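What follows is a single structure, written as structure tokens, with notes after it.
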Amino acid sequence: MSTVREAFRSQAGACARLGSPFMDRLMTLCAERLEPGGAVADRVLGWTGETGSSGASVPLRLAGALHGLVRDGTDPGLARVYPPSQAEEDALWHEVARAMRDHERRLLAWLESPPQTNEVRRSAALVAAATWVASRHPLPFVLSELGASAGLNLSFDRFALDTPSTRLGAPASPVTLAPEWHGAAPPPRPVRVTERAGVDLNPLDPGDPAARLRLMAYLWPDQPDRLVLTEAAIALSEARPDRGDAAEWLVHRLARRRPGRIHMIYHTVAWQYFPPRTQAACRAALDRAGAEATPDAPIAHVAMEADGGAEGAALSVETWPSPPGASGPTLLARVDFHGRWIAWRAES
């Protein structure tokens, strides 16, 4: 149980740093007051393996399940202590504990799937990375996203990205991303996508009411700007991810050579959820395809993932054929996990 409680405390700190006082309070209350005795509490406290943000993300699973009860009107009592309410800790915990007792079957079902926020603001990193890639490979893009959730970030080329020096992406887009930007920005380059596809073990269709509820429930209740941005991205989204294992799907995608195109494979805070066997198979598939890449059919692997660094995630890119003197991925930037800021490191 101590491991799970530590995961809640760690998540509370992360939520505070990511600008969600409510989630900080909720996660802290769970760490301090969650006790065995109910089906939901017993499932959470008895979780085995890595329960924190680098593993199963049990705290966020529970938070999303509870927020879902609020968003679809299932539990009005819980809704009364959720934002914009500023309920006291005792009142908040009373309703949370009651909701866990009253909605055991539904909450247990939600707990079995990892969080799927499909954080649209992470597309800021994708726009910047694709622009950088386009400056070196001025070809139309084929996109393949691993861990695509609802596929919203498959449309990153349709979003606008504001930096202090320039506007990247689609300038007239109704979805404008404006992270706090540090460092130089890559010069504008067109990113034209001719084909896009994604894969997820449990893909969400935002056109389905139940899936849309799940998608929105993992956004934090006191961050309405994220809710508005996600709704706008849904309106632009057309691609629907395939259901399947990332490695098997990637092997199939890489088997087809696409002359005159650059194939960009990417993922954002998804790699950690892949089993080690899947990670190894994806890496092997990329290495094999990279060895066969040619200048008229290059491959780029863009990753925005935790790397143990002090701040945010690493945004890296590896391209094949490899540039002269290159060895492994190039670090482009460090990026806030929710895309609130980007510290650009690469030469423009």
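Following the order of the structure tokens, first chain is A, next is B, and so on, with residues numbered from 1 inside each chain and ligands from 1 in the order they appear.
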
Check your understanding: Which residues, written as a ChimeraX atom specification, have at least one atom at most 12 Å from A:Thr319, with only C-alpha atoms counted and residues fewer than 4 positions away on the same chain left out?
Key -> /A:129-130,132-134,136-137,262-266,286-287,289-295,297-303,323-324,326-330

Point to revise | Spatial neighbours of A:Thr51, max dist 9 Å, only C-alpha atoms, sep filter under 2 positions, as a PyMOL selection string | key: chain A and resi 3-4+6-8+47-49+53-59

Review point. Got a sec: who's within 12 Å of A:Arg33, counting only C-alpha atoms, leaving out chain neighbours fewer than 6 positions off, as a ChimeraX atom specification?
Key: /A:5,8-9,25-27,41,45,89-90,92-94,96-97

Please, could you write that set of residues out with N, CA and C atoms as a compact mmCIF listing (two decimals), in the first residue's frame?
# COMPACT_ATOMS: atom_id res chain seq x y z
N ARG A 5 0.35 4.76 -2.20
CA ARG A 5 0.22 6.07 -1.55
C ARG A 5 1.34 7.02 -2.03
N PHE A 8 0.31 8.42 -5.32
CA PHE A 8 -0.65 9.52 -5.20
C PHE A 8 0.05 10.82 -4.78
N ARG A 9 0.97 10.70 -3.83
CA ARG A 9 1.69 11.91 -3.38
C ARG A 9 2.54 12.49 -4.51
N ARG A 25 -5.06 18.68 -4.62
CA ARG A 25 -5.84 18.39 -3.42
C ARG A 25 -6.41 16.99 -3.46
N LEU A 26 -6.99 16.60 -4.60
CA LEU A 26 -7.64 15.29 -4.71
C LEU A 26 -6.62 14.17 -4.54
N MET A 27 -5.48 14.29 -5.19
CA MET A 27 -4.46 13.24 -5.10
C MET A 27 -3.90 13.16 -3.67
N ALA A 41 -11.44 0.86 -3.46
CA ALA A 41 -10.26 1.14 -2.64
C ALA A 41 -9.33 -0.08 -2.58
N LEU A 45 -5.48 0.10 -3.79
CA LEU A 45 -4.44 -0.11 -2.80
C LEU A 45 -3.70 -1.43 -2.98
N GLU A 89 -11.78 20.29 2.20
CA GLU A 89 -11.24 18.94 2.04
C GLU A 89 -12.19 17.88 2.59
N ASP A 90 -12.79 18.13 3.78
CA ASP A 90 -13.68 17.12 4.38
C ASP A 90 -14.89 16.87 3.49
N LEU A 92 -15.13 17.44 0.24
CA LEU A 92 -14.69 16.80 -1.00
C LEU A 92 -14.47 15.31 -0.78
N TRP A 93 -13.75 14.96 0.27
CA TRP A 93 -13.47 13.56 0.50
C TRP A 93 -14.73 12.76 0.82
N HIS A 94 -15.66 13.37 1.55
CA HIS A 94 -16.91 12.68 1.86
C HIS A 94 -17.61 12.23 0.57
N VAL A 96 -16.23 11.94 -2.50
CA VAL A 96 -15.39 11.00 -3.26
C VAL A 96 -15.53 9.59 -2.69
N ALA A 97 -15.45 9.46 -1.37
CA ALA A 97 -15.57 8.15 -0.74
C ALA A 97 -16.94 7.54 -1.00

Practice item. Name the residues of stretch 217-285 of chain A that fall into helix (DSSP H, G or I) according to DSSP on the backbone, using the chain letters and numbers of this document, as a VMD selection string. Key: chain A and resid 217 224 to 236 246 to 255 271 to 273 276 to 285

Practice item. Identify, with DSSP run on backbone atoms, the residues in stretch 83-307 of chain A assigned to strand (DSSP E or B), and express the list as JSON, numbers by chain. Key: {"A": [141, 142, 143, 144, 145, 146, 160, 161, 162, 167, 168, 169, 176, 177, 180, 181, 182, 193, 194, 195, 196, 197, 198, 199, 200, 242, 243, 262, 263, 264, 265, 266, 267, 268, 294, 297, 299, 300, 301, 302, 303, 304, 305]}

Those residues with C-alpha atoms, as a short mmCIF file (atom, residue, chain, number, x, y, z; two decimals), in the first residue's frame please?
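So the final result, stored in again-v1.cif, reads:
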data_model
loop_
_atom_site.label_atom_id
_atom_site.label_comp_id
_atom_site.auth_asym_id
_atom_site.auth_seq_id
_atom_site.Cartn_x
_atom_site.Cartn_y
_atom_site.Cartn_z
CA PHE A 141 4.81 13.50 -45.05
CA VAL A 142 3.35 10.12 -44.22
CA LEU A 143 2.39 10.00 -40.51
CA SER A 144 2.28 6.96 -38.23
CA GLU A 145 1.45 7.56 -34.55
CA LEU A 146 2.00 4.94 -31.86
CA ALA A 160 -1.16 26.65 -35.59
CA LEU A 161 1.83 27.13 -33.31
CA ASP A 162 2.77 30.59 -32.09
CA ARG A 167 3.90 31.25 -36.54
CA LEU A 168 4.30 27.63 -37.59
CA GLY A 169 1.85 25.03 -38.80
CA THR A 176 -3.84 27.71 -31.90
CA LEU A 177 -1.11 26.41 -29.61
CA GLU A 180 5.80 29.49 -23.38
CA TRP A 181 8.75 29.35 -25.75
CA HIS A 182 12.45 29.47 -24.85
CA VAL A 193 0.64 15.36 -45.14
CA THR A 194 -0.55 12.90 -47.77
CA GLU A 195 -1.31 9.96 -45.49
CA ARG A 196 -1.92 9.56 -41.75
CA ALA A 197 -2.67 6.59 -39.50
CA GLY A 198 -2.34 5.66 -35.85
CA VAL A 199 -2.65 2.68 -33.55
CA ASP A 200 -3.75 2.15 -29.96
CA ASP A 242 -6.53 1.31 -35.65
CA ARG A 243 -6.89 -1.09 -32.75
CA ILE A 262 9.17 11.05 -45.69
CA HIS A 263 7.62 8.63 -43.23
CA MET A 264 7.42 10.16 -39.74
CA ILE A 265 6.77 7.70 -36.92
CA TYR A 266 6.02 9.42 -33.61
CA HIS A 267 4.65 9.06 -30.10
CA THR A 268 4.08 11.45 -27.18
CA THR A 294 16.97 6.01 -49.09
CA ALA A 297 12.16 7.64 -49.11
CA ILE A 299 12.27 7.86 -42.28
CA ALA A 300 12.04 10.03 -39.17
CA HIS A 301 11.33 8.83 -35.63
CA VAL A 302 10.07 11.63 -33.38
CA ALA A 303 9.64 10.93 -29.66
CA MET A 304 8.39 13.14 -26.85
CA GLU A 305 9.00 10.97 -23.81
#

Check your understanding: If we count only C-alpha atoms, what is near stretch 117-127 of chain A at a cut-off of 9 Å, once residues fewer than 2 positions away on the same chain are taken out, given as JSON, numbers by chain?
Key -> {"A": [115, 129, 130, 131, 132, 148, 149, 150, 151, 152, 153, 154, 155, 156, 157, 159, 160, 161, 162, 168, 169, 177, 178, 179, 191, 214, 215, 216, 217, 218, 219, 226, 229, 230, 233, 266, 268, 302, 303, 304, 315, 333, 335, 336, 337, 338, 339, 340, 342]}

Any chance you can output those residues with N, CA and C atoms as a short mmCIF file (atom, residue, chain, number, x, y, z; two decimals), in the first residue's frame?
data_model
loop_
_atom_site.label_atom_id
_atom_site.label_comp_id
_atom_site.auth_asym_id
_atom_site.auth_seq_id
_atom_site.Cartn_x
_atom_site.Cartn_y
_atom_site.Cartn_z
N PRO A 115 -4.87 5.83 -18.54
CA PRO A 115 -5.39 7.14 -18.93
C PRO A 115 -5.18 7.41 -20.42
N ALA A 129 8.77 19.84 -34.34
CA ALA A 129 9.65 18.77 -34.80
C ALA A 129 9.47 18.50 -36.29
N ALA A 130 8.22 18.45 -36.75
CA ALA A 130 7.98 18.19 -38.17
C ALA A 130 8.52 19.33 -39.03
N THR A 131 8.41 20.58 -38.54
CA THR A 131 8.97 21.71 -39.27
C THR A 131 10.48 21.57 -39.40
N TRP A 132 11.13 21.15 -38.32
CA TRP A 132 12.59 20.93 -38.33
C TRP A 132 12.94 19.82 -39.33
N ALA A 148 -1.97 6.30 -30.21
CA ALA A 148 -2.64 7.49 -30.75
C ALA A 148 -3.91 7.87 -30.01
N SER A 149 -4.39 7.04 -29.09
CA SER A 149 -5.60 7.35 -28.32
C SER A 149 -6.77 7.64 -29.26
N ALA A 150 -7.28 8.87 -29.27
CA ALA A 150 -8.41 9.22 -30.14
C ALA A 150 -7.95 9.81 -31.48
N GLY A 151 -6.65 9.89 -31.69
CA GLY A 151 -6.15 10.36 -32.98
C GLY A 151 -6.12 11.87 -33.15
N LEU A 152 -6.30 12.63 -32.07
CA LEU A 152 -6.35 14.08 -32.23
C LEU A 152 -5.00 14.64 -32.67
N ASN A 153 -3.91 14.05 -32.18
CA ASN A 153 -2.59 14.55 -32.57
C ASN A 153 -2.13 14.01 -33.92
N LEU A 154 -2.96 13.21 -34.58
CA LEU A 154 -2.71 12.86 -35.97
C LEU A 154 -2.99 14.05 -36.89
N SER A 155 -3.65 15.06 -36.36
CA SER A 155 -3.97 16.27 -37.15
C SER A 155 -3.10 17.45 -36.78
N PHE A 156 -1.92 17.20 -36.20
CA PHE A 156 -1.09 18.31 -35.73
C PHE A 156 -0.75 19.30 -36.83
N ASP A 157 -0.67 18.82 -38.07
CA ASP A 157 -0.33 19.72 -39.18
C ASP A 157 -1.46 20.71 -39.49
N PHE A 159 -2.95 22.38 -37.04
CA PHE A 159 -2.95 23.32 -35.92
C PHE A 159 -1.92 24.42 -36.17
N ALA A 160 -2.12 25.55 -35.53
CA ALA A 160 -1.16 26.65 -35.59
C ALA A 160 -0.33 26.67 -34.31
N LEU A 161 0.93 27.03 -34.46
CA LEU A 161 1.83 27.13 -33.31
C LEU A 161 2.46 28.51 -33.30
N ASP A 162 2.20 29.26 -32.25
CA ASP A 162 2.77 30.59 -32.09
C ASP A 162 4.07 30.51 -31.29
N LEU A 168 4.07 28.86 -36.86
CA LEU A 168 4.30 27.63 -37.59
C LEU A 168 2.99 26.87 -37.76
N GLY A 169 3.03 25.85 -38.61
CA GLY A 169 1.85 25.03 -38.80
C GLY A 169 0.88 25.65 -39.77
N LEU A 177 -1.93 26.83 -30.74
CA LEU A 177 -1.11 26.41 -29.61
C LEU A 177 -0.10 27.51 -29.33
N ALA A 178 -0.01 27.94 -28.08
CA ALA A 178 0.87 29.05 -27.74
C ALA A 178 1.64 28.74 -26.47
N PRO A 179 2.52 27.75 -26.51
CA PRO A 179 3.30 27.43 -25.32
C PRO A 179 4.29 28.54 -24.99
N VAL A 191 4.57 21.72 -44.03
CA VAL A 191 4.45 20.31 -43.67
C VAL A 191 3.18 19.81 -44.33
N ARG A 214 -14.93 9.54 -22.00
CA ARG A 214 -13.67 9.05 -21.45
C ARG A 214 -12.52 9.99 -21.80
N LEU A 215 -12.51 10.44 -23.03
CA LEU A 215 -11.46 11.35 -23.49
C LEU A 215 -11.45 12.64 -22.67
N MET A 216 -12.62 13.21 -22.45
CA MET A 216 -12.70 14.48 -21.74
C MET A 216 -12.51 14.30 -20.23
N ALA A 217 -12.87 13.12 -19.70
CA ALA A 217 -12.77 12.90 -18.25
C ALA A 217 -11.34 12.90 -17.77
N TYR A 218 -10.39 12.54 -18.63
CA TYR A 218 -8.99 12.53 -18.21
C TYR A 218 -8.34 13.90 -18.25
N LEU A 219 -9.07 14.90 -18.73
CA LEU A 219 -8.60 16.28 -18.62
C LEU A 219 -8.98 16.78 -17.22
N ARG A 226 -8.12 23.51 -21.43
CA ARG A 226 -7.80 22.24 -22.08
C ARG A 226 -9.05 21.59 -22.67
N LEU A 229 -9.89 23.51 -25.90
CA LEU A 229 -8.94 23.19 -26.95
C LEU A 229 -9.19 21.79 -27.52
N THR A 230 -9.51 20.85 -26.65
CA THR A 230 -9.76 19.49 -27.10
C THR A 230 -11.02 19.42 -27.95
N ALA A 233 -10.11 20.63 -31.35
CA ALA A 233 -9.31 19.65 -32.08
C ALA A 233 -10.19 18.50 -32.59
N TYR A 266 5.89 8.60 -34.82
CA TYR A 266 6.02 9.42 -33.61
C TYR A 266 5.12 8.93 -32.49
N THR A 268 3.95 10.44 -28.24
CA THR A 268 4.08 11.45 -27.18
C THR A 268 3.59 10.86 -25.87
N VAL A 302 10.20 10.51 -34.32
CA VAL A 302 10.07 11.63 -33.38
C VAL A 302 9.45 11.12 -32.09
N ALA A 303 10.11 11.41 -30.97
CA ALA A 303 9.64 10.93 -29.66
C ALA A 303 9.61 12.09 -28.67
N MET A 304 8.50 12.23 -27.98
CA MET A 304 8.39 13.14 -26.85
C MET A 304 8.09 12.28 -25.63
N LEU A 315 12.27 15.88 -26.33
CA LEU A 315 11.76 15.81 -27.70
C LEU A 315 12.95 15.51 -28.60
N ALA A 333 14.48 19.50 -28.16
CA ALA A 333 13.95 20.40 -27.13
C ALA A 333 13.63 19.61 -25.87
N VAL A 335 10.36 19.60 -23.27
CA VAL A 335 8.97 20.01 -23.42
C VAL A 335 8.19 19.66 -22.15
N ASP A 336 7.39 20.59 -21.68
CA ASP A 336 6.47 20.30 -20.59
C ASP A 336 5.57 19.14 -20.99
N PHE A 337 5.28 18.25 -20.05
CA PHE A 337 4.49 17.06 -20.37
C PHE A 337 3.12 17.38 -20.95
N HIS A 338 2.57 18.53 -20.60
CA HIS A 338 1.29 18.95 -21.15
C HIS A 338 1.45 20.01 -22.24
N GLY A 339 2.68 20.22 -22.69
CA GLY A 339 2.91 21.17 -23.78
C GLY A 339 2.77 22.62 -23.39
N ARG A 340 2.89 22.95 -22.10
CA ARG A 340 2.74 24.34 -21.68
C ARG A 340 3.95 25.18 -22.03
N ILE A 342 8.07 25.02 -24.15
CA ILE A 342 9.06 24.32 -24.96
C ILE A 342 10.38 25.07 -24.85
#

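Counting from atom CA of A:His67, the distance to atom CA of A:Trp110 is 11.0 Å.
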
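Comparing the minimum interatomic distances between A:Leu139 and each of A:Gly19, A:Pro171, A:Gly308, A:Pro190, counting only C-alpha atoms, we find that A:Pro190 sits nearest.
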
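Residue nearest A:Arg261 within the list A:Arg98, A:Met23, A:Asp208, A:Pro138: A:Pro138 [criterion: smallest interatomic distance, only C-alpha atoms].
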
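Using only C-alpha atoms, the nearest neighbour of A:Gly64 within the list A:Ala14, A:Ala310, A:Ala109, A:Val317 is A:Ala109.
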
Exercise for review: Go through A:Thr278, A:Ala306, A:Ser165, A:Pro174 one by one, measure the shortest atom-to-atom distance of each to A:Val228 using only C-alpha atoms, and give the residue with the smallest value.
Suggested key: A:Pro174

**Study point:** Proximity to A:Leu29 - best of A:Arg71, A:Ile234, A:Pro83, A:Ala91, only C-alpha atoms
**Key:** A:Ala91

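With atom CA of A:Tyr82 on one side and atom CA of A:Val70 on the other, the separation reads 7.9 Å.
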
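Between atom CA of A:Ala211 and atom CA of A:Met100 the separation is 21.3 Å.
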
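Using only C-alpha atoms, the smallest distance between any of A:Pro276, A:Pro224, A:Pro188, A:Gly77 and A:Ala247 comes from A:Pro276.
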